[in-house]
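Here's the structure, in structure tokens; my notes come after.
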Protein chains: 2
Amino acid sequence: MRRGLQARLPARETATPLRLGEFELIAKYFRPLTRGEPNTFALSDDAAFIEPAPDSAIIATTDTIIAGVHFFETDPPDLVARKLLRVNLSDIAAMGAKPTTYLLAAAFPENVEEEWIAAFVDGLDKDQREFGIYLSGGDTAATTGPAVFTVTAFGDVPKDAALLRSGARPGDTIFVSGSIGDAALGLLVARGELSLDPKNAEFLLSRYRLPQPRISLGIQLRGIANAAIDVSDGLVADLGHICETSGVAAQLEWPRVPLSTAAREALKSHPALRDAILGGGDDYELLFTAPENAESRVMAAAKAAKVTVTAVGGIMAGSGISIRGDAGQKIEIPSGGYRHFRGR
Amino acid sequence: MRRGLQARLPARETATPLRLGEFELIAKYFRPLTRGEPNTFALSDDAAFIEPAPDSAIIATTDTIIAGVHFFETDPPDLVARKLLRVNLSDIAAMGAKPTTYLLAAAFPENVEEEWIAAFVDGLDKDQREFGIYLSGGDTAATTGPAVFTVTAFGDVPKDAALLRSGARPGDTIFVSGSIGDAALGLLVARGELSLDPKNAEFLLSRYRLPQPRISLGIQLRGIANAAIDVSDGLVADLGHICETSGVAAQLEWPRVPLSTAAREALKSHPALRDAILGGGDDYELLFTAPENAESRVMAAAKAAKVTVTAVGGIMAGSGISIRGDAGQKIEIPSGGYRHFRGR
């Protein structure tokens, strides 16, 4: 009962090296991230206004990252923050929407140091500028466990132009942006389970740590793509999501899957990495389908968005995914993608 | 590299008693919470549409609760879920908005049992029905630490009718709904630090565990209240937020602060509990100001919302809060409210 009642639980009486209180933390570090937008009330109200652009609808998505699960506790805090934003922005991109603003719920470990928070906020600030977004609100707490960060991101899209997972049709071509498997290999490098020359290792690591949400491409694909998703669970798993939601089957051509030079070299030395490339997640490239006759429009969209796009297979009637290997043989589906609570 | 790459961190290879995978968990427990609303895409897309009612603006708020910090790990899971929703809905209420939908980011401990999740979802379902809302999207993960749940809640309000913290004016009367301090005393009961007769103890405990967001009252107060906030940090602290944001001072009359019978009896035995009542948080009542001549409209609003409202002081020019005690003496401000990272 010292200093009034702590109207929560006693764990919070422990000392913390952080010399700023919750409100000072918000004022010093998080308020500037609102960039003076009046709808945010400078984080000093109970909620924020979220306004769509004229003739647009608002879309919202939320993603959590946890220290020790989604990132290493020793990762640079600015990169943690940027990845946190980007995994959310990637969902916005997959809907063909333009990101606008976000809410942040941050549970910092109670022994967090101010320098860590400052660097984390620097990362947010950097990506806010890169993607033209601002912070609208949030919540800050101290936890006895690992850091947990949840972002809710918002985007605008003309409602009938949103890209959905459910629109794939038999005859569609399957496309993917950028290169696939880099993040999965980057994680192996981070874990010390894959040794490569420093240049390739660094490239793959950076792809794992700092994905590039394909926002311009998503916007360009409005009215062209029939279905879209971002590759977060893994190429095969996410293609599976499109197939399930659309009620179709897919054939994936492994020889056409676009690989970076680093991934190609790693694969040459370790052919077993193919499963990691097909099954691993976290690439945050766009995987989408479009009618066969739309290929030139797809390529024009890719050019406008300054990103490569590669046809990797086709959609058929039926269900399930088959993968064709280098010699035309059937490849067994890697039990794909990361799942929490993997179950039986 | 067994079963493809786990494109996250190795901690996730540990066994879990939960026999459902992540996607099965979503399908079995969370998808039904979307209640067939098409904008949710049945949780099977990358994001959800959030649509305002005609002529309304969308407001959004986010709040996190952490096991061991905001609730006890032994609390009934349905009550944890309902409190999670309600602390967010209370922010919606404080803006004078009508709640519509929410996103849930749930990080369950990796050894969570399915029964716990089922009961948690039952609690969400119950309060969804009570407040007329549905689940629009979310994220499910397993954490090595305590459970962490983040809800982002949405509401509709005619934009120029939203209640803000910043509108308090000298001459305003300060009102509060319901009774104050019950949650703070309920927490003391939960901790075993306050012994009362079973009936009073149970009442206070229920007020701590299951707050009542004052949604109808918030809506009724549109166009009447000049400023509003929900009492989450504590009566004095939240009045302080109004004063700071509005640039005004406040005088609080302790003898007028509405107390439940249980709180009154507890206070009679332990006068030192006054600080807990003034400083403790988590009541989730509405604290608001209105011009003196609006008192009859305030009381009509309270009647329409079926909640008691009590005048507890007045707003003045200046800054800071003074509290007048039973005998007219000045009461020292209890260092009010819970703060994470309390600092110096």
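Residue numbering restarts at 1 for every chain of the structure tokens, chains are lettered A, B, ... in their displayed order, and ligands are numbered from 1 as they appear.
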*Test item, strand (DSSP E) assignment across segment 192-327 of chain A, answer as number ranges by chain*: A: 227-230, 249-253, 286-290, 309-316, 320-324
_Which residues are near Lys330 of chain B? Cut-off 10 Å, only C-alpha atoms, ignore same chain within fewer than 5 positions. Put them as a list in words._
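Once the nearby chain positions are removed, what remains is Glu253, Trp254, Ser322, Ile323, Arg324 and Gly325 of chain B.
Atom to atom, atom CA of Phe120 of chain A and atom CA of Ala97 of chain A stand 25.8 Å apart.
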*When distances are computed from only C-alpha atoms, which of B:Leu196, B:Leu20, B:Ala304, B:Leu164 shows the smallest separation from Asp230 of chain B?*
B:Leu164
*asked:* Given only C-alpha atoms as the basis, pick out the residue of A:Ala272, A:Ala263, A:Leu252, A:Ile331 nearest to chain B.
replied: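 Looking only at the distances to chain B, the closest residue turns out to be A:Ala272.
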*Which of these residues is nearest to Asn39 of chain A, using only C-alpha atoms: A:Ser177, A:Ser260, A:Thr101, A:Thr143?*
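Ranking A:Ser177, A:Ser260, A:Thr101, A:Thr143 by distance to Asn39 of chain A, first place goes to A:Thr101.
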_Nearest residue to chain A from the set B:Tyr29, B:Tyr284, B:Phe149, B:Phe49 (distances using only C-alpha atoms)_ =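 Ranking B:Tyr29, B:Tyr284, B:Phe149, B:Phe49 by distance to chain A, first place goes to B:Phe49.
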*Minimum-distance residue to Ala168 of chain B, chosen among B:Thr245, B:Asn293, B:Thr152, B:Gln220 (using only C-alpha atoms)*: B:Thr245
_DSSP on the backbone: which residues in segment 196-316 of chain B end up as helix (DSSP H, G or I)? Give the answer as a PyMOL selection string._
chain B and resi 198-209+215-220+235-246+254-256+261-269+273-279+292-304
_When you look at Gly218 of chain A with a cut-off of 6 Å (counting only C-alpha atoms), what residues show up, excluding the ones that are within fewer than 4 positions of it in the same chain? I need them as a count of residues only._
3
_Between atom CA of Glu113 of chain A and atom CA of Val80 of chain A - distance in Å to one decimal_ = 15.2 Å
Write out as a short mmCIF file (atom, residue, chain, number, x, y, z; two decimals) with N, CA and C atoms, in the first residue's frame the residues lying within 9 Å of Ala305 of chain A, counting only C-alpha atoms and excluding same-chain residues fewer than 4 positions away.
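Full text of selection_27.cif as output:
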```cif
data_model
loop_
_atom_site.label_atom_id
_atom_site.label_comp_id
_atom_site.auth_asym_id
_atom_site.auth_seq_id
_atom_site.Cartn_x
_atom_site.Cartn_y
_atom_site.Cartn_z
N ARG A 214 6.16 -5.73 -50.43
CA ARG A 214 6.04 -5.37 -51.85
C ARG A 214 4.81 -4.50 -52.08
N ILE A 215 4.84 -3.33 -51.47
CA ILE A 215 3.67 -2.46 -51.46
C ILE A 215 3.36 -1.92 -52.85
N SER A 216 4.37 -1.41 -53.54
CA SER A 216 4.12 -0.87 -54.88
C SER A 216 3.57 -1.94 -55.80
N LEU A 217 4.15 -3.13 -55.72
CA LEU A 217 3.68 -4.21 -56.58
C LEU A 217 2.22 -4.55 -56.28
N GLY A 218 1.87 -4.64 -54.99
CA GLY A 218 0.47 -4.94 -54.62
C GLY A 218 -0.48 -3.92 -55.23
N ILE A 219 -0.11 -2.65 -55.14
CA ILE A 219 -0.97 -1.60 -55.68
C ILE A 219 -1.07 -1.72 -57.20
N GLN A 220 0.07 -2.00 -57.83
CA GLN A 220 0.08 -2.14 -59.30
C GLN A 220 -0.77 -3.33 -59.77
N ALA A 300 4.31 -5.57 -66.79
CA ALA A 300 4.31 -4.10 -66.76
C ALA A 300 4.14 -3.60 -65.32
N ALA A 301 3.29 -4.29 -64.55
CA ALA A 301 3.11 -3.92 -63.14
C ALA A 301 4.41 -4.10 -62.37
#
```
*Rank B:Asp233, B:Asp139, B:Asp283, B:Glu193 by their smallest atom-to-atom distance to Asp46 of chain A, using only C-alpha atoms, and report the top residue only.*
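Answer, going by the shortest atom-to-atom distance: B:Asp233.
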*Straight-line distance linking atom CA of Tyr102 of chain B with atom CA of Phe72 of chain B, stated in Å to one decimal*: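 We find that atom CA of Tyr102 of chain B and atom CA of Phe72 of chain B lie 23.6 Å from each other.
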